[in-house]
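*Asks:* Dropping in query.txt, with compact mmCIF, C-alpha atoms and all ligand atoms.
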# COMPACT_ATOMS: atom_id res chain seq x y z
CA MET A 147 52.72 167.08 -152.70
CA ARG A 148 55.30 169.24 -154.38
CA LYS A 149 58.13 171.01 -152.62
CA VAL A 150 60.71 173.45 -153.94
CA GLU A 151 63.98 174.84 -152.72
CA LEU A 152 65.90 177.48 -154.61
CA TYR A 153 69.44 178.37 -153.51
CA ARG A 154 72.03 180.87 -154.66
CA PHE A 155 75.70 179.94 -154.77
CA SER A 156 78.95 181.80 -155.33
CA LEU A 157 82.05 179.64 -155.73
CA PRO A 158 85.55 181.13 -155.64
CA MET A 159 87.55 180.68 -158.84
CA GLU A 160 91.25 180.12 -159.25
CA ALA A 161 93.11 183.38 -159.78
CA GLY A 162 93.49 184.37 -163.38
CA VAL A 163 90.44 182.78 -164.99
CA ILE A 164 89.62 185.26 -167.74
CA LEU A 165 86.48 185.18 -169.85
CA ARG A 166 86.81 187.28 -172.97
CA HIS A 167 87.18 190.74 -171.37
CA GLN A 168 86.81 190.17 -167.64
CA ARG A 169 88.32 188.22 -164.80
CA LEU A 170 85.90 185.73 -163.27
CA LYS A 171 86.45 185.89 -159.51
CA THR A 172 83.46 183.79 -158.52
CA ARG A 173 81.09 181.49 -160.38
CA ASP A 174 77.59 182.47 -159.35
CA GLY A 175 74.34 180.67 -159.97
CA LEU A 176 71.21 179.01 -158.65
CA LEU A 177 70.51 175.47 -157.54
CA VAL A 178 66.97 174.21 -157.64
CA CYS A 179 65.68 171.12 -155.85
CA LEU A 180 62.23 169.79 -156.73
CA THR A 181 60.55 167.17 -154.54
CA GLU A 182 57.48 165.14 -155.48
CA ASN A 183 56.23 161.77 -154.17
CA GLY A 184 59.42 161.30 -152.18
CA LYS A 185 61.60 161.78 -155.25
CA GLN A 186 64.07 164.63 -155.80
CA GLY A 187 65.43 166.39 -158.83
CA TRP A 188 68.28 168.89 -158.88
CA GLY A 189 69.24 171.46 -161.46
CA GLU A 190 71.84 174.19 -161.84
CA ILE A 191 71.06 177.54 -163.43
CA SER A 192 74.23 179.54 -163.88
CA PRO A 193 74.35 181.96 -166.81
CA LEU A 194 77.97 182.54 -167.81
CA PRO A 195 79.05 186.20 -167.87
CA GLU A 196 80.14 187.35 -171.36
CA PHE A 197 78.60 184.25 -172.95
CA SER A 198 74.99 184.07 -171.73
CA GLU A 199 72.60 186.75 -172.92
CA GLU A 200 70.63 186.64 -169.65
CA THR A 201 71.92 187.92 -166.29
CA LEU A 202 71.66 185.88 -163.10
CA ASP A 203 68.91 188.23 -161.83
CA GLU A 204 66.88 187.69 -164.99
CA ALA A 205 67.41 183.93 -164.71
CA GLU A 206 66.27 184.02 -161.08
CA ALA A 207 63.09 185.97 -161.93
CA SER A 208 62.22 183.52 -164.72
CA THR A 209 62.98 180.51 -162.50
CA LEU A 210 60.81 181.85 -159.65
CA GLY A 211 57.93 182.39 -162.07
CA TRP A 212 58.05 178.77 -163.17
CA LEU A 213 58.59 177.36 -159.67
CA HIS A 214 55.47 179.18 -158.42
CA SER A 215 53.33 177.55 -161.09
CA TRP A 216 54.98 174.14 -160.61
CA VAL A 217 54.19 174.02 -156.86
CA ASN A 218 50.62 174.96 -157.81
CA GLY A 219 50.31 171.87 -159.96
CA GLU A 220 51.33 173.04 -163.41
CA GLN A 221 53.29 170.55 -165.49
CA ALA A 222 54.78 172.03 -168.63
CA PHE A 223 57.56 174.56 -168.59
CA GLU A 224 58.98 176.83 -171.21
CA SER A 225 61.72 179.36 -170.64
CA ALA A 226 63.26 181.45 -173.33
CA LEU A 227 66.40 181.74 -171.19
CA PRO A 228 68.80 178.88 -172.03
CA SER A 229 70.36 178.59 -168.56
CA VAL A 230 66.91 178.36 -166.96
CA ALA A 231 65.64 175.87 -169.54
CA PHE A 232 68.72 173.70 -168.98
CA GLY A 233 68.61 173.74 -165.17
CA LEU A 234 64.88 173.20 -164.85
CA SER A 235 64.90 170.44 -167.46
CA CYS A 236 67.67 168.68 -165.48
CA ALA A 237 65.65 168.90 -162.26
CA MET A 238 62.54 167.58 -164.04
CA ALA A 239 64.55 164.83 -165.75
CA GLU A 240 65.97 163.61 -162.42
CA LEU A 241 62.51 163.71 -160.86
CA ASN A 242 61.00 161.71 -163.72
CA GLY A 243 63.95 159.35 -164.01
CA PHE A 244 64.78 159.97 -167.65
CA LEU A 245 68.30 161.33 -167.16
CA PRO A 246 70.26 158.08 -166.70
CA GLN A 247 72.67 157.81 -163.74
CA LYS A 248 75.50 156.40 -165.81
CA ALA A 249 78.04 159.11 -166.53
CA ASP A 250 80.99 159.62 -168.86
CA TYR A 251 83.64 161.13 -166.60
CA ARG A 252 86.23 161.23 -169.36
CA LYS A 253 87.11 164.74 -170.39
CA ALA A 254 89.34 166.18 -173.05
CA PRO A 255 92.03 167.80 -170.88
CA LEU A 256 92.48 171.52 -171.46
CA CYS A 257 96.15 172.02 -172.23
CA ASN A 258 98.14 175.23 -172.03
CA GLY A 259 100.89 173.97 -174.33
CA ASP A 260 103.21 172.39 -171.78
CA PRO A 261 103.79 168.83 -173.08
CA ASP A 262 104.91 167.54 -169.65
CA GLU A 263 101.66 168.60 -168.04
CA LEU A 264 99.74 167.01 -170.88
CA PHE A 265 101.68 163.74 -170.57
CA ALA A 266 100.64 163.59 -166.92
CA ALA A 267 96.97 164.27 -167.71
CA LEU A 268 96.90 161.73 -170.56
CA GLY A 269 98.76 159.05 -168.63
CA SER A 270 95.65 158.29 -166.59
CA MET A 271 93.32 158.50 -169.59
CA PRO A 272 91.97 155.15 -170.77
CA GLY A 273 91.41 154.60 -174.49
CA GLU A 274 91.36 157.43 -176.97
CA LYS A 275 93.73 160.31 -176.15
CA VAL A 276 92.19 163.68 -176.95
CA ALA A 277 93.21 167.05 -175.55
CA LYS A 278 92.00 170.57 -176.15
CA VAL A 279 94.18 173.62 -176.72
CA LYS A 280 93.01 177.25 -176.84
CA VAL A 281 94.62 179.05 -179.74
CA GLY A 282 94.34 182.62 -180.99
CA LEU A 283 95.39 184.21 -177.71
CA TYR A 284 99.00 184.84 -178.74
CA GLU A 285 100.85 184.72 -182.05
CA ALA A 286 99.33 182.33 -184.57
CA VAL A 287 102.83 181.07 -185.40
CA ARG A 288 103.41 180.17 -181.75
CA ASP A 289 100.09 178.28 -181.72
CA GLY A 290 101.17 176.35 -184.80
CA MET A 291 104.47 175.39 -183.18
CA ILE A 292 102.79 174.20 -179.99
CA VAL A 293 100.39 172.03 -181.96
CA ASN A 294 103.30 170.52 -183.89
CA LEU A 295 105.27 169.95 -180.71
CA LEU A 296 102.41 168.16 -178.92
CA LEU A 297 101.47 165.97 -181.89
CA GLU A 298 105.08 165.06 -182.45
CA ALA A 299 105.73 164.27 -178.77
CA ILE A 300 102.63 162.06 -178.29
CA PRO A 301 102.06 159.89 -181.39
CA ASP A 302 98.59 158.62 -180.44
CA LEU A 303 97.31 162.06 -179.42
CA LYS A 304 94.48 163.85 -181.21
CA LEU A 305 93.83 167.52 -180.63
CA ARG A 306 90.80 169.72 -180.47
CA LEU A 307 91.67 173.38 -180.96
CA ASP A 308 89.55 176.41 -180.20
CA ALA A 309 90.17 179.84 -181.68
CA ASN A 310 86.89 181.42 -180.56
CA ARG A 311 86.62 183.41 -183.83
CA SER A 312 89.78 185.34 -183.11
CA TRP A 313 91.58 185.07 -186.46
CA THR A 314 91.44 186.86 -189.75
CA ARG A 315 91.94 184.50 -192.72
CA ALA A 316 95.56 185.72 -192.94
CA LYS A 317 96.25 184.90 -189.27
CA ALA A 318 94.53 181.53 -189.56
CA ASP A 319 96.67 180.75 -192.59
CA GLY A 320 99.74 181.78 -190.60
CA PHE A 321 98.77 179.14 -188.06
CA ALA A 322 98.07 176.44 -190.64
CA LYS A 323 101.38 177.02 -192.39
CA TYR A 324 103.24 175.97 -189.24
CA VAL A 325 101.35 172.72 -188.73
CA GLN A 326 103.06 169.94 -190.60
CA PRO A 327 100.76 168.57 -193.31
CA GLU A 328 100.99 164.99 -192.00
CA PHE A 329 99.73 166.19 -188.59
CA ARG A 330 96.63 167.95 -189.88
CA SER A 331 94.45 164.85 -189.80
CA ARG A 332 95.22 164.47 -186.08
CA ILE A 333 93.51 167.78 -185.44
CA GLN A 334 90.06 166.40 -184.72
CA PHE A 335 88.68 169.88 -185.27
CA LEU A 336 89.45 173.56 -184.83
CA GLU A 337 86.52 175.45 -183.30
CA GLU A 338 85.52 178.65 -185.08
CA PRO A 339 88.90 179.73 -186.50
CA CYS A 340 87.77 182.95 -188.15
CA LYS A 341 85.60 185.96 -187.47
CA THR A 342 82.89 184.83 -189.89
CA ARG A 343 81.47 181.41 -190.75
CA ASP A 344 82.29 181.87 -194.41
CA GLU A 345 85.95 182.60 -193.67
CA SER A 346 86.11 179.52 -191.43
CA ARG A 347 84.57 177.38 -194.19
CA GLU A 348 87.15 178.66 -196.68
CA PHE A 349 89.93 178.02 -194.18
CA ALA A 350 88.83 174.39 -193.81
CA ARG A 351 88.58 173.95 -197.56
CA ASP A 352 91.99 175.49 -198.29
CA THR A 353 94.00 173.91 -195.45
CA GLY A 354 92.37 170.49 -194.98
CA ILE A 355 92.04 171.23 -191.24
CA ALA A 356 88.56 170.24 -190.05
CA ILE A 357 86.49 172.82 -188.20
CA ALA A 358 83.68 172.75 -185.61
CA TRP A 359 80.88 175.19 -184.84
CA ASP A 360 80.54 176.43 -181.27
CA GLU A 361 79.45 180.11 -181.14
CA SER A 362 77.49 179.52 -184.38
CA VAL A 363 75.30 176.88 -182.73
CA ARG A 364 73.83 179.62 -180.53
CA GLU A 365 73.01 182.02 -183.38
CA ALA A 366 69.42 182.47 -184.48
CA ASP A 367 69.98 181.45 -188.10
CA PHE A 368 71.99 178.29 -187.31
CA MET A 369 70.92 174.98 -188.78
CA VAL A 370 72.71 171.67 -188.29
CA GLU A 371 73.96 170.66 -191.73
CA ALA A 372 76.72 168.51 -193.18
CA GLU A 373 79.32 170.73 -194.84
CA SER A 374 82.64 169.82 -196.36
CA GLY A 375 85.40 170.39 -193.80
CA LEU A 376 82.96 170.46 -190.87
CA ALA A 377 83.61 167.72 -188.28
CA ALA A 378 81.55 168.63 -185.23
CA ILE A 379 79.19 170.88 -183.37
CA VAL A 380 79.88 171.85 -179.77
CA ILE A 381 76.83 171.91 -177.50
CA LYS A 382 77.04 173.91 -174.27
CA PRO A 383 73.66 173.24 -172.66
CA THR A 384 73.76 176.23 -170.25
CA LEU A 385 74.07 178.47 -173.33
CA VAL A 386 71.77 176.42 -175.58
CA GLY A 387 68.75 175.33 -173.54
CA SER A 388 66.82 172.33 -172.26
CA ILE A 389 67.96 168.70 -172.30
CA GLN A 390 65.28 168.06 -174.94
CA HIS A 391 66.61 170.84 -177.16
CA CYS A 392 70.19 169.54 -176.78
CA GLN A 393 69.01 166.01 -177.53
CA MET A 394 67.46 167.26 -180.78
CA LEU A 395 70.70 169.00 -181.78
CA VAL A 396 72.67 165.81 -181.06
CA GLN A 397 70.27 163.76 -183.22
CA GLN A 398 70.49 166.27 -186.07
CA ALA A 399 74.28 166.26 -185.85
CA HIS A 400 74.49 162.47 -185.90
CA GLN A 401 72.07 162.27 -188.83
CA ALA A 402 74.31 164.71 -190.72
CA GLY A 403 77.36 162.56 -189.93
CA LEU A 404 78.79 165.14 -187.53
CA MET A 405 80.26 164.63 -184.10
CA ALA A 406 78.35 166.33 -181.27
CA VAL A 407 80.46 167.36 -178.28
CA ILE A 408 78.66 168.11 -175.01
CA SER A 409 80.72 170.82 -173.32
CA SER A 410 81.01 172.84 -170.17
CA SER A 411 80.04 176.45 -169.60
CA ILE A 412 82.04 176.30 -166.35
CA GLU A 413 79.21 174.83 -164.31
CA SER A 414 79.79 173.73 -160.71
CA SER A 415 80.48 170.05 -160.04
CA LEU A 416 76.70 169.52 -159.73
CA GLY A 417 75.99 170.75 -163.24
CA LEU A 418 79.16 169.13 -164.62
CA THR A 419 78.21 165.66 -163.34
CA GLN A 420 74.83 166.08 -165.03
CA LEU A 421 76.59 167.02 -168.28
CA ALA A 422 78.70 163.87 -167.88
CA ARG A 423 75.44 161.88 -167.62
CA MET A 424 74.00 163.61 -170.69
CA ALA A 425 77.21 162.78 -172.57
CA ALA A 426 77.11 159.08 -171.59
CA TRP A 427 73.47 158.94 -172.70
CA LEU A 428 73.42 161.08 -175.86
CA THR A 429 77.01 160.96 -177.19
CA PRO A 430 78.47 157.69 -175.83
CA ASP A 431 81.18 157.53 -178.50
CA THR A 432 82.51 161.04 -178.02
CA ILE A 433 84.67 162.39 -175.20
CA PRO A 434 82.86 165.42 -173.78
CA GLY A 435 84.53 168.82 -173.22
CA LEU A 436 84.19 168.97 -169.46
CA ASP A 437 87.65 169.80 -168.13
CA THR A 438 86.73 173.00 -166.28
CA LEU A 439 86.33 171.90 -162.64
CA SER A 440 89.96 172.70 -161.86
CA LEU A 441 89.27 176.38 -162.63
CA MET A 442 87.32 176.45 -159.35
CA LYS A 443 88.40 176.29 -155.74
CA SER A 444 85.43 174.28 -154.56
CA GLN A 445 82.85 171.73 -155.66
CA LEU A 446 79.13 172.02 -154.98
CA VAL A 447 76.88 169.39 -153.33
CA ARG A 448 77.78 166.52 -155.70
CA PRO A 449 81.46 165.68 -156.14
CA TRP A 450 83.15 164.84 -159.43
CA PRO A 451 84.95 161.48 -159.02
CA GLU A 452 88.58 161.79 -158.05
CA SER A 453 88.52 165.55 -157.64
CA GLU A 454 90.28 166.61 -154.48
CA LEU A 455 88.56 169.99 -154.23
CA PRO A 456 86.47 170.54 -151.08
CA VAL A 457 82.73 170.09 -151.51
CA LEU A 458 80.42 172.88 -150.39
CA ASP A 459 77.35 171.56 -148.63
CA VAL A 460 73.82 172.67 -149.49
CA ASP A 461 73.24 173.83 -145.89
CA SER A 462 75.83 176.54 -146.33
CA LEU A 463 73.97 178.14 -149.27
CA ASP A 464 71.56 181.10 -149.10
CA VAL A 465 67.93 180.10 -149.63
CA VAL A 466 66.19 182.30 -152.22
CA TRP A 467 62.78 180.66 -151.98
CA ARG A 468 61.28 177.61 -150.32
CA ARG A 469 57.76 176.09 -150.43
O1 LIG B 501 84.87 172.92 -174.54
C1 LIG B 501 85.66 172.56 -173.61
O2 LIG B 501 86.36 171.54 -173.70
C2 LIG B 501 85.75 173.35 -172.36
C3 LIG B 501 84.85 174.53 -172.29
C4 LIG B 501 85.30 175.74 -173.03
O3 LIG B 501 86.26 175.72 -173.73
C5 LIG B 501 84.54 176.97 -172.81
C6 LIG B 501 83.94 177.15 -171.59
C7 LIG B 501 83.18 178.27 -171.31
C8 LIG B 501 83.03 179.23 -172.28
C9 LIG B 501 83.63 179.08 -173.53
C10 LIG B 501 84.37 177.95 -173.80
C11 LIG B 501 84.94 177.83 -175.19
O4 LIG B 501 84.66 176.85 -175.87
O5 LIG B 501 85.65 178.74 -175.62
MG MG B 502 84.69 177.18 -178.15
Written as structure tokens, how would this file's structure read?

*Replies:*
Amino acid sequence: MRKVELYRFSLPMEAGVILRHQRLKTRDGLLVCLTENGKQGWGEISPLPEFSEETLDEAEASTLGWLHSWVNGEQAFESALPSVAFGLSCAMAELNGFLPQKADYRKAPLCNGDPDELFAALGSMPGEKVAKVKVGLYEAVRDGMIVNLLLEAIPDLKLRLDANRSWTRAKADGFAKYVQPEFRSRIQFLEEPCKTRDESREFARDTGIAIAWDESVREADFMVEAESGLAAIVIKPTLVGSIQHCQMLVQQAHQAGLMAVISSSIESSLGLTQLARMAAWLTPDTIPGLDTLSLMKSQLVRPWPESELPVLDVDSLDVVWRR
């Protein structure tokens, strides 16, 4: 006997969380719970505004279509919508026991440039110290100085930087000029420095600063390939697709000698803990990019260890569909 519950959630965000061009006041999405033979599997489907191509309504329609056939005995599922493919594959994976329980709750702390705050976050971090800094929002020169300051202040720190394709080659060079040459190797990678892939490749070649693909991974013509100056690919499952698809990308990256970094698309604590399990399973040697829970005012159903945010219970959610 198969049973399904589909819920909608809307979690309040901290003030001032801005995605590209809009303020994100709430994080909205769907939770699905599949039951079969006394076992349960949960999944989160939460397309991210400005990043996902599908809307939440489209994701809901696609999810309902699949859930109807699943309760009627169908097995396979295919969704062209990445958020749906990810959430349903998580629910199926929990039901079938192939998403291991063991999780990697380390996360590369997102740092706003204040070294004192970063000291505090890194103090409790066992092993490798890696933090992530968003660059490209203000002056490139200022970004360069902050990177210098942090690497100088914390000698065993490595940084991941993310420019989200915001720089021209000239701006990117302005940044690189301010980073002391001996510090460049402690930049684990800089995600998508320039507006085009070719400019980013040239930047890496000319500056010796390693780059990573993030936005590119989601483009139709993208292939995982070793390239000089390329250190990593960033995999955001909500934007990329099913667990199986992500697993294939990770394998291709590792075969090409690249790091694969499982990262957040600002999922709730339920989705984030599943990403932490995927990371422990698929990328055990790499700290995942999951430091986004603190952007929210509440957790959802499953808590993240040591988070003090209140946890919203499933009973307080609106039911979209139940069979
Ligand atoms: O990758 C991380 O460490 C955190 C996640 C993150 O930065 C992010 C989260 C949602 C949407 C876009 C991005 C981004 O990489 O710019
Ligand atoms: Mg990025």

*Asks:* Collect all residues with atoms no farther than 7 Å from ligand LIG 501 (chain B), counting only C-alpha atoms and all ligand atoms, and output them as a list in words.

*Replies:*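 Residues lying within 7 Å of ligand LIG 501 (chain B): Phe197, Ala254, Leu256, Lys278, Asp308, Asn310, Asp360, Ser409, Ser410, Ser411, Ile412, Gly435, Leu436, Asp437 and Thr438 of chain A.
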
*Asks:* Any chance you could export the current selection's C-alpha atoms as a CSV table (one decimal), in the frame of the given file?

*Replies:*
chain,number,residue,atom,x,y,z
A,197,PHE,CA,78.6,184.2,-173.0
A,254,ALA,CA,89.3,166.2,-173.0
A,256,LEU,CA,92.5,171.5,-171.5
A,278,LYS,CA,92.0,170.6,-176.2
A,308,ASP,CA,89.6,176.4,-180.2
A,310,ASN,CA,86.9,181.4,-180.6
A,360,ASP,CA,80.5,176.4,-181.3
A,409,SER,CA,80.7,170.8,-173.3
A,410,SER,CA,81.0,172.8,-170.2
A,411,SER,CA,80.0,176.4,-169.6
A,412,ILE,CA,82.0,176.3,-166.4
A,435,GLY,CA,84.5,168.8,-173.2
A,436,LEU,CA,84.2,169.0,-169.5
A,437,ASP,CA,87.6,169.8,-168.1
A,438,THR,CA,86.7,173.0,-166.3

*Asks:* Tell me, in Å to one decimal, how far atom CA of A:Val178 is from atom CA of A:Cys236.

*Replies:*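 Atom CA of A:Cys236 lies 9.6 Å from atom CA of A:Val178.
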
*Asks:* What's around stretch 378-394 of chain A at 7 Å? Count all atoms listed in the file, leave out sequence neighbours fewer than 5 positions away in its own chain, and write the answer as JSON, numbers by chain.

*Replies:* {"A": [193, 198, 228, 229, 231, 232, 235, 236, 358, 359, 360, 364, 404, 405, 406, 407, 408, 409, 410, 411, 428]}

*Asks:* Given only C-alpha atoms as the basis, pick out the residue of A:Ala366, A:Ala309, A:Cys257, A:Ile357 nearest to A:Glu285.

*Replies:* A:Ala309

*Asks:* Tell me, as a list in words, which residues lie within 9 Å of stretch 260-274 of chain A, counting all atoms listed in the file; anything in the same chain fewer than 2 positions away does not count.

*Replies:*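 Selected residues are Arg252, Lys253, Pro255, Leu256, Cys257, Asn258, Val276, Ala277, Ile292, Leu295, Leu296, Ala299, Ile300, Asp302, Leu303, Lys304 and Ile433 of chain A.
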
*Asks:* Please save C-alpha atoms of the selected residues as a PDB file, in the coordinates of the input.

*Replies:*
ATOM      1  CA  ARG A 252      86.230 161.230-169.360  1.00  0.00           C
ATOM      2  CA  LYS A 253      87.110 164.740-170.390  1.00  0.00           C
ATOM      3  CA  PRO A 255      92.030 167.800-170.880  1.00  0.00           C
ATOM      4  CA  LEU A 256      92.480 171.520-171.460  1.00  0.00           C
ATOM      5  CA  CYS A 257      96.150 172.020-172.230  1.00  0.00           C
ATOM      6  CA  ASN A 258      98.140 175.230-172.030  1.00  0.00           C
ATOM      7  CA  VAL A 276      92.190 163.680-176.950  1.00  0.00           C
ATOM      8  CA  ALA A 277      93.210 167.050-175.550  1.00  0.00           C
ATOM      9  CA  ILE A 292     102.790 174.200-179.990  1.00  0.00           C
ATOM     10  CA  LEU A 295     105.270 169.950-180.710  1.00  0.00           C
ATOM     11  CA  LEU A 296     102.410 168.160-178.920  1.00  0.00           C
ATOM     12  CA  ALA A 299     105.730 164.270-178.770  1.00  0.00           C
ATOM     13  CA  ILE A 300     102.630 162.060-178.290  1.00  0.00           C
ATOM     14  CA  ASP A 302      98.590 158.620-180.440  1.00  0.00           C
ATOM     15  CA  LEU A 303      97.310 162.060-179.420  1.00  0.00           C
ATOM     16  CA  LYS A 304      94.480 163.850-181.210  1.00  0.00           C
ATOM     17  CA  ILE A 433      84.670 162.390-175.200  1.00  0.00           C
TER      18      ILE A 433
END

*Asks:* Which one of A:Met159, A:Leu463, A:Ile164, A:Leu152 sits closest to A:Leu177 if you count all atoms listed in the file?

*Replies:*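 Among the listed residues, A:Leu152 lies closest to A:Leu177.
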